[in-house]
>>> print(open('structure_16.cif').read())   # mmCIF, C-alpha atoms
data_upload
loop_
_atom_site.group_PDB
_atom_site.id
_atom_site.type_symbol
_atom_site.label_atom_id
_atom_site.label_comp_id
_atom_site.auth_asym_id
_atom_site.auth_seq_id
_atom_site.Cartn_x
_atom_site.Cartn_y
_atom_site.Cartn_z
ATOM 1 C CA MET A 21 -39.743 32.394 -19.383
ATOM 2 C CA ASN A 22 -37.879 30.915 -16.402
ATOM 3 C CA LYS A 23 -34.834 28.617 -16.385
ATOM 4 C CA GLU A 24 -36.834 25.376 -16.431
ATOM 5 C CA GLN A 25 -39.047 26.537 -19.278
ATOM 6 C CA TYR A 26 -36.026 27.674 -21.266
ATOM 7 C CA LEU A 27 -34.238 24.337 -20.780
ATOM 8 C CA LYS A 28 -37.365 22.399 -21.669
ATOM 9 C CA LYS A 29 -37.828 24.323 -24.912
ATOM 10 C CA LEU A 30 -34.132 23.939 -25.718
ATOM 11 C CA ALA A 31 -34.309 20.173 -25.111
ATOM 12 C CA ALA A 32 -37.312 19.840 -27.418
ATOM 13 C CA ASN A 33 -35.614 21.819 -30.189
ATOM 14 C CA LEU A 34 -32.324 19.939 -29.829
ATOM 15 C CA SER A 35 -33.996 16.551 -30.159
ATOM 16 C CA LYS A 36 -36.041 17.787 -33.096
ATOM 17 C CA LEU A 37 -32.793 18.744 -34.845
ATOM 18 C CA LYS A 38 -31.173 15.413 -33.854
ATOM 19 C CA VAL A 39 -28.310 17.083 -31.991
ATOM 20 C CA PRO A 40 -26.379 14.520 -29.896
ATOM 21 C CA ASN A 41 -25.469 14.861 -26.182
ATOM 22 C CA VAL A 42 -28.634 16.786 -25.291
ATOM 23 C CA GLU A 43 -28.199 16.045 -21.572
ATOM 24 C CA GLU A 44 -24.704 17.514 -21.497
ATOM 25 C CA ILE A 45 -25.788 20.591 -23.417
ATOM 26 C CA LEU A 46 -28.654 21.179 -20.980
ATOM 27 C CA GLY A 47 -26.162 20.807 -18.121
ATOM 28 C CA ASP A 48 -23.910 23.488 -19.660
ATOM 29 C CA ILE A 49 -26.756 25.936 -20.138
ATOM 30 C CA ALA A 50 -28.163 25.216 -16.655
ATOM 31 C CA GLU A 51 -24.732 26.017 -15.233
ATOM 32 C CA TYR A 52 -24.714 29.250 -17.205
ATOM 33 C CA PHE A 53 -28.069 30.204 -15.690
ATOM 34 C CA ASP A 54 -26.820 29.450 -12.164
ATOM 35 C CA CYS A 55 -23.582 31.411 -12.546
ATOM 36 C CA ALA A 56 -25.289 34.399 -14.133
ATOM 37 C CA MET A 57 -27.980 34.481 -11.450
ATOM 38 C CA GLN A 58 -25.308 34.355 -8.739
ATOM 39 C CA ASP A 59 -23.759 37.296 -10.520
ATOM 40 C CA GLY A 60 -27.024 39.157 -9.977
ATOM 41 C CA GLU A 61 -28.447 38.948 -13.480
ATOM 42 C CA SER A 62 -32.163 38.580 -13.937
ATOM 43 C CA VAL A 63 -33.667 35.566 -15.700
ATOM 44 C CA GLU A 64 -35.014 37.860 -18.421
ATOM 45 C CA GLU A 65 -31.535 39.219 -19.093
ATOM 46 C CA ILE A 66 -30.039 35.742 -19.255
ATOM 47 C CA CYS A 67 -32.720 34.442 -21.612
ATOM 48 C CA ALA A 68 -32.285 37.467 -23.829
ATOM 49 C CA ARG A 69 -28.512 37.006 -23.997
ATOM 50 C CA LEU A 70 -28.756 33.291 -24.772
ATOM 51 C CA GLY A 71 -31.284 34.016 -27.492
ATOM 52 C CA GLU A 72 -34.403 32.048 -28.383
ATOM 53 C CA PRO A 73 -34.092 28.325 -27.479
ATOM 54 C CA LYS A 74 -34.877 27.553 -31.109
ATOM 55 C CA LYS A 75 -32.017 29.726 -32.313
ATOM 56 C CA LEU A 76 -29.591 28.296 -29.764
ATOM 57 C CA ALA A 77 -30.544 24.759 -30.811
ATOM 58 C CA ARG A 78 -29.892 25.711 -34.445
ATOM 59 C CA GLU A 79 -26.457 27.012 -33.500
ATOM 60 C CA TYR A 80 -25.675 23.705 -31.732
ATOM 61 C CA ARG A 81 -26.857 21.894 -34.830
ATOM 62 C CA ALA A 82 -24.613 24.031 -37.034
ATOM 63 C CA GLN A 83 -21.543 23.368 -34.893
ATOM 64 C CA HIS A 84 -22.340 19.644 -34.871
ATOM 65 C CA CYS A 85 -22.444 19.694 -38.674
ATOM 66 C CA ILE A 86 -19.102 21.482 -38.852
ATOM 67 C CA ALA A 87 -17.546 18.828 -36.593
ATOM 68 C CA GLN A 88 -18.964 16.092 -38.815
ATOM 69 C CA ALA A 89 -17.670 17.747 -41.959
ATOM 70 C CA HIS A 90 -14.221 17.946 -40.379
ATOM 71 C CA ALA A 91 -14.397 14.286 -39.388
ATOM 72 C CA LYS A 92 -15.517 13.138 -42.836
ATOM 73 C CA ALA A 93 -12.428 13.102 -45.000
ATOM 74 C CA SER A 94 -12.617 12.759 -48.771
ATOM 75 C CA PRO A 95 -10.890 9.766 -50.431
ATOM 76 C CA ARG A 96 -8.252 12.128 -51.762
ATOM 77 C CA SER A 97 -7.413 13.650 -48.397
ATOM 78 C CA MET A 98 -7.403 10.185 -46.830
ATOM 79 C CA ALA A 99 -4.962 8.880 -49.438
ATOM 80 C CA ARG A 100 -2.763 11.928 -48.990
ATOM 81 C CA ALA A 101 -2.955 11.582 -45.237
ATOM 82 C CA PHE A 102 -2.121 7.897 -45.367
ATOM 83 C CA LEU A 103 0.886 8.506 -47.571
ATOM 84 C CA SER A 104 2.126 11.301 -45.355
ATOM 85 C CA SER A 105 1.780 9.162 -42.256
ATOM 86 C CA ALA A 106 3.471 6.252 -43.995
ATOM 87 C CA ALA A 107 6.383 8.541 -44.777
ATOM 88 C CA LEU A 108 6.450 9.944 -41.255
ATOM 89 C CA GLY A 109 6.407 6.582 -39.562
ATOM 90 C CA THR A 110 7.937 4.291 -42.188
ATOM 91 C CA ILE A 111 9.248 1.876 -39.560
ATOM 92 C CA ASN A 112 5.891 1.780 -37.877
ATOM 93 C CA PHE A 113 4.225 1.196 -41.225
ATOM 94 C CA LEU A 114 6.620 -1.611 -42.214
ATOM 95 C CA TYR A 115 6.127 -3.210 -38.834
ATOM 96 C CA VAL A 116 2.362 -3.230 -39.308
ATOM 97 C CA LEU A 117 2.758 -4.599 -42.817
ATOM 98 C CA PHE A 118 5.002 -7.360 -41.425
ATOM 99 C CA VAL A 119 2.439 -8.321 -38.779
ATOM 100 C CA VAL A 120 -0.340 -8.426 -41.372
ATOM 101 C CA VAL A 121 1.683 -10.563 -43.830
ATOM 102 C CA VAL A 122 2.855 -12.998 -41.143
ATOM 103 C CA GLY A 123 -0.692 -13.187 -39.786
ATOM 104 C CA TYR A 124 -2.069 -14.203 -43.183
ATOM 105 C CA ILE A 125 0.722 -16.761 -43.717
ATOM 106 C CA VAL A 126 -0.040 -18.350 -40.329
ATOM 107 C CA LEU A 127 -3.750 -18.431 -41.152
ATOM 108 C CA ALA A 128 -3.030 -20.062 -44.531
ATOM 109 C CA ALA A 129 -0.865 -22.681 -42.776
ATOM 110 C CA PHE A 130 -3.715 -23.402 -40.364
ATOM 111 C CA TYR A 131 -6.137 -23.879 -43.274
ATOM 112 C CA VAL A 132 -3.747 -26.293 -45.038
ATOM 113 C CA ALA A 133 -3.100 -28.191 -41.800
ATOM 114 C CA SER A 134 -6.787 -28.605 -40.978
ATOM 115 C CA VAL A 135 -7.589 -29.832 -44.503
ATOM 116 C CA GLY A 136 -4.608 -32.191 -44.208
ATOM 117 C CA ILE A 137 -5.888 -33.612 -40.938
ATOM 118 C CA ALA A 138 -9.370 -34.208 -42.360
ATOM 119 C CA LEU A 139 -7.944 -35.867 -45.510
ATOM 120 C CA GLY A 140 -5.672 -37.987 -43.295
ATOM 121 C CA GLY A 141 -8.704 -39.265 -41.414
ATOM 122 C CA ILE A 142 -10.458 -40.148 -44.684
ATOM 123 C CA ALA A 143 -7.329 -41.866 -45.954
ATOM 124 C CA ALA A 144 -7.092 -43.873 -42.733
ATOM 125 C CA LEU A 145 -10.682 -45.015 -43.194
ATOM 126 C CA VAL A 146 -10.314 -45.901 -46.875
ATOM 127 C CA ALA A 147 -6.928 -47.626 -46.649
ATOM 128 C CA GLY A 148 -7.174 -48.949 -43.103
ATOM 129 C CA ILE A 149 -10.502 -50.767 -43.226
ATOM 130 C CA PRO A 150 -9.591 -53.478 -45.813
ATOM 131 C CA ILE A 151 -6.332 -54.213 -43.933
ATOM 132 C CA ALA A 152 -8.056 -54.156 -40.522
ATOM 133 C CA ALA A 153 -10.808 -56.453 -41.861
ATOM 134 C CA LEU A 154 -8.157 -59.189 -42.173
ATOM 135 C CA MET A 155 -7.344 -58.742 -38.467
ATOM 136 C CA GLY A 156 -10.888 -58.992 -37.109
ATOM 137 C CA SER A 157 -13.952 -56.847 -36.475
ATOM 138 C CA GLY A 158 -12.544 -55.280 -33.249
ATOM 139 C CA VAL A 159 -9.681 -53.665 -35.173
ATOM 140 C CA VAL A 160 -12.123 -52.403 -37.848
ATOM 141 C CA ALA A 161 -14.190 -50.694 -35.139
ATOM 142 C CA VAL A 162 -11.086 -48.997 -33.741
ATOM 143 C CA ILE A 163 -9.971 -47.831 -37.191
ATOM 144 C CA VAL A 164 -13.460 -46.499 -38.025
ATOM 145 C CA PHE A 165 -13.653 -44.708 -34.681
ATOM 146 C CA VAL A 166 -10.181 -43.177 -34.973
ATOM 147 C CA GLY A 167 -10.722 -42.247 -38.628
ATOM 148 C CA ILE A 168 -14.013 -40.440 -37.931
ATOM 149 C CA ALA A 169 -12.478 -38.688 -34.916
ATOM 150 C CA VAL A 170 -9.571 -37.431 -37.031
ATOM 151 C CA VAL A 171 -11.921 -36.180 -39.789
ATOM 152 C CA CYS A 172 -14.004 -34.344 -37.162
ATOM 153 C CA ALA A 173 -10.871 -32.837 -35.646
ATOM 154 C CA GLY A 174 -9.856 -31.594 -39.109
ATOM 155 C CA ILE A 175 -13.279 -30.008 -39.682
ATOM 156 C CA LEU A 176 -13.223 -28.367 -36.247
ATOM 157 C CA ALA A 177 -9.739 -27.009 -36.904
ATOM 158 C CA PHE A 178 -10.993 -25.571 -40.211
ATOM 159 C CA ILE A 179 -13.942 -23.843 -38.515
ATOM 160 C CA GLY A 180 -11.631 -22.554 -35.776
ATOM 161 C CA THR A 181 -9.299 -21.107 -38.384
ATOM 162 C CA MET A 182 -12.221 -19.361 -40.086
ATOM 163 C CA LYS A 183 -13.169 -17.758 -36.763
ATOM 164 C CA LEU A 184 -9.570 -16.749 -36.201
ATOM 165 C CA ALA A 185 -9.389 -15.196 -39.674
ATOM 166 C CA GLY A 186 -12.549 -13.222 -38.903
ATOM 167 C CA LEU A 187 -11.031 -11.867 -35.704
ATOM 168 C CA PHE A 188 -7.812 -10.992 -37.496
ATOM 169 C CA ARG A 189 -9.721 -9.132 -40.196
ATOM 170 C CA LYS A 190 -11.672 -7.218 -37.547
ATOM 171 C CA ALA A 191 -8.495 -6.311 -35.691
ATOM 172 C CA ASN A 192 -6.977 -5.035 -38.929
ATOM 173 C CA MET A 193 -10.058 -2.950 -39.684
ATOM 174 C CA ALA A 194 -10.085 -1.499 -36.174
ATOM 175 C CA PHE A 195 -6.419 -0.662 -36.463
ATOM 176 C CA LEU A 196 -6.863 0.944 -39.888
ATOM 177 C CA SER A 197 -9.768 3.064 -38.701
ATOM 178 C CA SER A 198 -7.833 4.177 -35.619
ATOM 179 C CA ILE A 199 -4.941 5.187 -37.884
ATOM 180 C CA SER A 200 -7.230 7.035 -40.251
ATOM 181 C CA ASN A 201 -8.842 8.861 -37.336
ATOM 182 C CA ARG A 202 -5.446 9.962 -36.116
ATOM 183 C CA ILE A 203 -4.420 11.051 -39.572
ATOM 184 C CA ARG A 204 -7.634 12.985 -39.984
ATOM 185 C CA ARG A 205 -6.982 14.857 -36.776
ATOM 186 C CA GLU A 206 -3.417 15.609 -37.793
ATOM 187 C CA ASN A 207 -4.531 16.922 -41.146
ATOM 188 C CA GLN A 208 -7.217 19.229 -39.933
ATOM 189 C CA MET B 11 -19.337 44.204 -36.807
ATOM 190 C CA ASN B 12 -20.455 41.522 -39.247
ATOM 191 C CA ALA B 13 -21.701 38.423 -37.390
ATOM 192 C CA GLN B 14 -20.000 35.898 -39.655
ATOM 193 C CA LEU B 15 -16.656 37.665 -39.336
ATOM 194 C CA LYS B 16 -16.951 37.649 -35.563
ATOM 195 C CA LYS B 17 -17.881 33.994 -35.456
ATOM 196 C CA GLY B 18 -14.798 32.969 -37.355
ATOM 197 C CA VAL B 19 -12.506 34.868 -35.032
ATOM 198 C CA LEU B 20 -14.280 33.608 -31.922
ATOM 199 C CA GLU B 21 -12.629 30.218 -32.160
ATOM 200 C CA LEU B 22 -9.206 31.837 -31.961
ATOM 201 C CA CYS B 23 -10.350 33.999 -29.030
ATOM 202 C CA VAL B 24 -11.543 30.974 -27.055
ATOM 203 C CA LEU B 25 -8.323 29.060 -27.667
ATOM 204 C CA GLU B 26 -6.248 32.129 -26.739
ATOM 205 C CA MET B 27 -8.233 32.695 -23.554
ATOM 206 C CA LEU B 28 -7.541 29.144 -22.414
ATOM 207 C CA ARG B 29 -3.873 29.328 -23.258
ATOM 208 C CA SER B 30 -2.744 30.778 -19.939
ATOM 209 C CA GLU B 31 -5.398 29.412 -17.601
ATOM 210 C CA ASP B 32 -8.463 27.197 -17.424
ATOM 211 C CA HIS B 33 -11.859 28.878 -17.308
ATOM 212 C CA TYR B 34 -15.410 27.810 -16.627
ATOM 213 C CA GLY B 35 -18.093 28.589 -19.181
ATOM 214 C CA TYR B 36 -19.643 31.683 -17.658
ATOM 215 C CA GLU B 37 -16.266 33.255 -16.941
ATOM 216 C CA LEU B 38 -15.089 32.600 -20.482
ATOM 217 C CA VAL B 39 -18.234 34.095 -21.970
ATOM 218 C CA ALA B 40 -18.088 37.123 -19.655
ATOM 219 C CA LYS B 41 -14.438 37.876 -20.455
ATOM 220 C CA ILE B 42 -14.827 37.480 -24.202
ATOM 221 C CA SER B 43 -18.001 39.535 -24.369
ATOM 222 C CA ARG B 44 -16.193 42.335 -22.546
ATOM 223 C CA SER B 45 -13.945 42.728 -25.617
ATOM 224 C CA ILE B 46 -16.188 41.643 -28.479
ATOM 225 C CA ALA B 47 -19.947 42.002 -28.600
ATOM 226 C CA ILE B 48 -20.895 38.387 -29.020
ATOM 227 C CA SER B 49 -23.955 36.367 -28.061
ATOM 228 C CA GLU B 50 -23.689 33.635 -25.426
ATOM 229 C CA GLY B 51 -25.744 31.579 -27.809
ATOM 230 C CA THR B 52 -22.728 31.449 -30.122
ATOM 231 C CA ILE B 53 -20.015 30.617 -27.612
ATOM 232 C CA TYR B 54 -21.584 27.599 -25.916
ATOM 233 C CA PRO B 55 -22.186 25.613 -29.115
ATOM 234 C CA LEU B 56 -18.645 26.477 -30.185
ATOM 235 C CA LEU B 57 -17.249 25.212 -26.863
ATOM 236 C CA ARG B 58 -19.055 21.934 -27.418
ATOM 237 C CA ARG B 59 -17.588 21.481 -30.881
ATOM 238 C CA LEU B 60 -14.066 22.327 -29.757
ATOM 239 C CA GLN B 61 -14.525 19.732 -27.046
ATOM 240 C CA ASN B 62 -15.845 17.110 -29.489
ATOM 241 C CA GLU B 63 -12.930 17.727 -31.814
ATOM 242 C CA GLY B 64 -10.431 17.171 -29.018
ATOM 243 C CA TYR B 65 -9.142 20.761 -28.738
ATOM 244 C CA LEU B 66 -10.575 21.235 -25.265
ATOM 245 C CA SER B 67 -10.976 18.900 -22.324
ATOM 246 C CA THR B 68 -13.246 19.526 -19.358
ATOM 247 C CA TYR B 69 -13.247 18.750 -15.654
ATOM 248 C CA LEU B 70 -15.458 19.626 -12.714
ATOM 249 C CA LYS B 71 -14.127 21.806 -9.912
ATOM 250 C CA GLU B 72 -15.813 22.683 -6.633
ATOM 251 C CA SER B 73 -16.782 26.309 -6.227
ATOM 252 C CA THR B 74 -17.231 28.247 -2.996
ATOM 253 C CA GLU B 75 -20.689 29.309 -4.088
ATOM 254 C CA GLY B 76 -23.056 26.658 -5.411
ATOM 255 C CA PRO B 77 -22.500 23.380 -7.309
ATOM 256 C CA PRO B 78 -19.194 22.377 -8.996
ATOM 257 C CA ARG B 79 -18.398 24.111 -12.270
ATOM 258 C CA LYS B 80 -17.232 22.697 -15.559
ATOM 259 C CA TYR B 81 -13.792 24.006 -16.446
ATOM 260 C CA TYR B 82 -12.320 24.029 -19.936
ATOM 261 C CA ARG B 83 -8.677 23.268 -20.574
ATOM 262 C CA LEU B 84 -6.638 23.484 -23.790
ATOM 263 C CA THR B 85 -5.349 20.065 -24.946
ATOM 264 C CA PRO B 86 -2.006 19.642 -26.788
ATOM 265 C CA LEU B 87 -4.029 19.241 -29.989
ATOM 266 C CA GLY B 88 -5.850 22.479 -29.136
ATOM 267 C CA GLU B 89 -2.523 24.227 -28.580
ATOM 268 C CA GLU B 90 -1.409 23.163 -32.068
ATOM 269 C CA LYS B 91 -4.656 24.502 -33.473
ATOM 270 C CA ARG B 92 -4.243 27.765 -31.572
ATOM 271 C CA LYS B 93 -0.805 28.378 -33.091
ATOM 272 C CA GLU B 94 -2.139 27.571 -36.546
ATOM 273 C CA TYR B 95 -5.100 29.954 -36.148
ATOM 274 C CA LEU B 96 -2.917 32.713 -34.790
ATOM 275 C CA GLN B 97 -0.612 32.472 -37.783
ATOM 276 C CA ASP B 98 -3.565 32.479 -40.158
ATOM 277 C CA TRP B 99 -5.073 35.438 -38.332
ATOM 278 C CA ARG B 100 -1.872 37.507 -38.451
ATOM 279 C CA ALA B 101 -1.374 36.788 -42.135
ATOM 280 C CA PHE B 102 -5.017 37.625 -42.814
ATOM 281 C CA VAL B 103 -4.945 40.908 -40.868
ATOM 282 C CA SER B 104 -1.746 42.114 -42.461
ATOM 283 C CA GLY B 105 -3.115 41.162 -45.866
ATOM 284 C CA VAL B 106 -6.312 43.089 -45.273
ATOM 285 C CA GLU B 107 -4.348 46.023 -43.849
ATOM 286 C CA LYS B 108 -2.300 46.221 -47.031
ATOM 287 C CA ILE B 109 -5.496 46.755 -48.956
ATOM 288 C CA VAL B 110 -7.429 48.834 -46.432
ATOM 289 C CA GLY B 111 -4.498 50.803 -44.974
ATOM 290 C CA GLY B 112 -3.938 52.825 -48.130
ATOM 291 C CA HIS B 113 -7.495 54.093 -48.215
ATOM 292 C CA SER B 114 -7.813 55.972 -44.927
ATOM 293 C CA GLU B 115 -10.987 58.022 -44.820
#
>>> encode(input="structure_16.cif", output="structure tokens")
Amino acid sequence: MNKEQYLKKLAANLSKLKVPNVEEILGDIAEYFDCAMQDGESVEEICARLGEPKKLAREYRAQHCIAQAHAKASPRSMARAFLSSAALGTINFLYVLFVVVVGYIVLAAFYVASVGIALGGIAALVAGIPIAALMGSGVVAVIVFVGIAVVCAGILAFIGTMKLAGLFRKANMAFLSSISNRIRRENQ
Amino acid sequence: MNAQLKKGVLELCVLEMLRSEDHYGYELVAKISRSIAISEGTIYPLLRRLQNEGYLSTYLKESTEGPPRKYYRLTPLGEEKRKEYLQDWRAFVSGVEKIVGGHSE
């Protein structure tokens, strides 16, 4: 078996075992071949020392599984890790809590304001039209136009706030997962 | 020596080897296998995991002969891990010695 054949067999076995970063792995092993051959080793020797491609692929698979097991924390270890990090960086933690609370208060204010605007538009239509009718059809048209515009603005503001809330939630999730990743690493 | 026992200790050996200077894969394998009989097929997958877990970082460096080589360097996280392993190892060896030491053949 030469270098190319070895790498080809290794690639096939790695993909069969669903090992990630196959290209990088092949690069590492190709480099090993090159260095060893420069050192005067024969291809047979190198292949023998690396072991069967199938076996090497299994070893990569095993190490990948270990890494995944390390990365996957149990709920208990996560809770413990979160508490320990909260204690370590209490100020940091309070700061984050503050940002989250203020963020939700601002969002709630936006919701109330947008509903208020829409209701204001409806009120203008309901109350304004009978009064404007006394002043002529031109004024009625203006009131209707303005009232509908205000209602639309309120609805748009409401939709905008919903989008904003979605983004805020996503940002929180991203932040939480980055924290939990850090904690996981620290607790390994 | 038992293969599983060797495998467990190999992680410490790799981290220790990279403590003082950066090495490229072949060099690392050659130096380690001079002291412990270990298969290359065990070290490379281990290097990849240590890299994925953030204990090692890699960079390419030109070599006088042939294409650039991938060098491995210990990260601060890897240094923490190394200290932890070393402590564990020392405690383990002295523990085993306490049991084994009394029964010299």
>>> interface_residues(input="structure_16.cif", of="chain B", to="chain A", cutoff="6 Å", atoms="only C-alpha atoms", output="PyMOL selection string")
chain B and resi 36+50-51+55+59
>>> write_last_selection(input="structure_16.cif", atoms="C-alpha atoms", output="short mmCIF file (atom, residue, chain, number, x, y, z; two decimals), in the coordinates of the input")
data_model
loop_
_atom_site.label_atom_id
_atom_site.label_comp_id
_atom_site.auth_asym_id
_atom_site.auth_seq_id
_atom_site.Cartn_x
_atom_site.Cartn_y
_atom_site.Cartn_z
CA TYR B 36 -19.64 31.68 -17.66
CA GLU B 50 -23.69 33.64 -25.43
CA GLY B 51 -25.74 31.58 -27.81
CA PRO B 55 -22.19 25.61 -29.12
CA ARG B 59 -17.59 21.48 -30.88
#
>>> residues_around(input="structure_16.cif", residues="Arg79 (chain B)", least_positions_apart="5", cutoff="7 Å", atoms="only C-alpha atoms", output="PDB file with C-alpha atoms, keeping the file's coordinate frame")
ATOM      1  CA  TYR B  34     -15.410  27.810 -16.627  1.00  0.00           C
ATOM      2  CA  LEU B  70     -15.458  19.626 -12.714  1.00  0.00           C
ATOM      3  CA  LYS B  71     -14.127  21.806  -9.912  1.00  0.00           C
ATOM      4  CA  GLU B  72     -15.813  22.683  -6.633  1.00  0.00           C
ATOM      5  CA  SER B  73     -16.782  26.309  -6.227  1.00  0.00           C
TER       6      SER B  73
END
>>> residues_around(input="structure_16.cif", residues="region 80-86 of chain B", least_positions_apart="4", cutoff="8 Å", atoms="all atoms listed in the file", output="number ranges by chain")
A: 48; B: 25, 28-29, 31-35, 64-71, 90
>>> atom_distance(input="structure_16.cif", atom1="CA of Glu63 (chain B)", atom2="CA of Glu37 (chain B)")
21.8 Å
>>> atom_distance(input="structure_16.cif", atom1="CA of Leu184 (chain A)", atom2="CA of Ala128 (chain A)")
11.1 Å
>>> atom_distance(input="structure_16.cif", atom1="CA of Arg189 (chain A)", atom2="CA of Ile175 (chain A)")
21.2 Å
>>> axis_aligned_box(input="structure_16.cif", around="region 36-42 of chain A", padding_each_side="8 Å", output="JSON")
{"center_x": -30.8, "center_y": 16.6, "center_z": -30.1, "size_x": 26.6, "size_y": 20.2, "size_z": 25.6}
>>> resolve_selection(input="structure_16.cif", expression="the PyMOL selection byres ((chain B and resi 53) around 9)", output="PyMOL selection string")
chain B and resi 17+20-21+24+35+38-39+48-52+54-58
>>> write_last_selection(input="structure_16.cif", atoms="C-alpha atoms", output="mmCIF file, in the coordinates of the input")
data_model
loop_
_atom_site.group_PDB
_atom_site.id
_atom_site.type_symbol
_atom_site.label_atom_id
_atom_site.label_comp_id
_atom_site.auth_asym_id
_atom_site.auth_seq_id
_atom_site.Cartn_x
_atom_site.Cartn_y
_atom_site.Cartn_z
ATOM 1 C CA LYS B 17 -17.881 33.994 -35.456
ATOM 2 C CA LEU B 20 -14.280 33.608 -31.922
ATOM 3 C CA GLU B 21 -12.629 30.218 -32.160
ATOM 4 C CA VAL B 24 -11.543 30.974 -27.055
ATOM 5 C CA GLY B 35 -18.093 28.589 -19.181
ATOM 6 C CA LEU B 38 -15.089 32.600 -20.482
ATOM 7 C CA VAL B 39 -18.234 34.095 -21.970
ATOM 8 C CA ILE B 48 -20.895 38.387 -29.020
ATOM 9 C CA SER B 49 -23.955 36.367 -28.061
ATOM 10 C CA GLU B 50 -23.689 33.635 -25.426
ATOM 11 C CA GLY B 51 -25.744 31.579 -27.809
ATOM 12 C CA THR B 52 -22.728 31.449 -30.122
ATOM 13 C CA TYR B 54 -21.584 27.599 -25.916
ATOM 14 C CA PRO B 55 -22.186 25.613 -29.115
ATOM 15 C CA LEU B 56 -18.645 26.477 -30.185
ATOM 16 C CA LEU B 57 -17.249 25.212 -26.863
ATOM 17 C CA ARG B 58 -19.055 21.934 -27.418
#
>>> residues_around(input="structure_16.cif", residues="region 136-153 of chain A", least_positions_apart="6", cutoff="6 Å", atoms="all atoms listed in the file", output="PDB file with C-alpha atoms, keeping the file's coordinate frame")
ATOM      1  CA  VAL A 159      -9.681 -53.665 -35.173  1.00  0.00           C
ATOM      2  CA  VAL A 160     -12.123 -52.403 -37.848  1.00  0.00           C
ATOM      3  CA  GLY A 167     -10.722 -42.247 -38.628  1.00  0.00           C
ATOM      4  CA  VAL A 170      -9.571 -37.431 -37.031  1.00  0.00           C
ATOM      5  CA  VAL A 171     -11.921 -36.180 -39.789  1.00  0.00           C
ATOM      6  CA  GLY A 174      -9.856 -31.594 -39.109  1.00  0.00           C
TER       7      GLY A 174
END
>>> resolve_selection(input="structure_16.cif", expression="the PyMOL selection byres ((chain A and resi 185) around 12)", output="list of chain:residue names")
A:Val120, A:Gly123, A:Tyr124, A:Ile125, A:Val126, A:Leu127, A:Ala128, A:Ala129, A:Phe130, A:Tyr131, A:Phe178, A:Ile179, A:Gly180, A:Thr181, A:Met182, A:Lys183, A:Leu184, A:Gly186, A:Leu187, A:Phe188, A:Arg189, A:Lys190, A:Ala191, A:Asn192
>>> resolve_selection(input="structure_16.cif", expression="the PyMOL selection byres ((chain B and resi 94-109) around 10)", output="list in words")
Val19, Glu21, Leu22, Cys23, Leu25, Glu26, Gly88, Glu89, Glu90, Lys91, Arg92, Lys93, Val110, Gly111, Gly112 and His113 of chain B
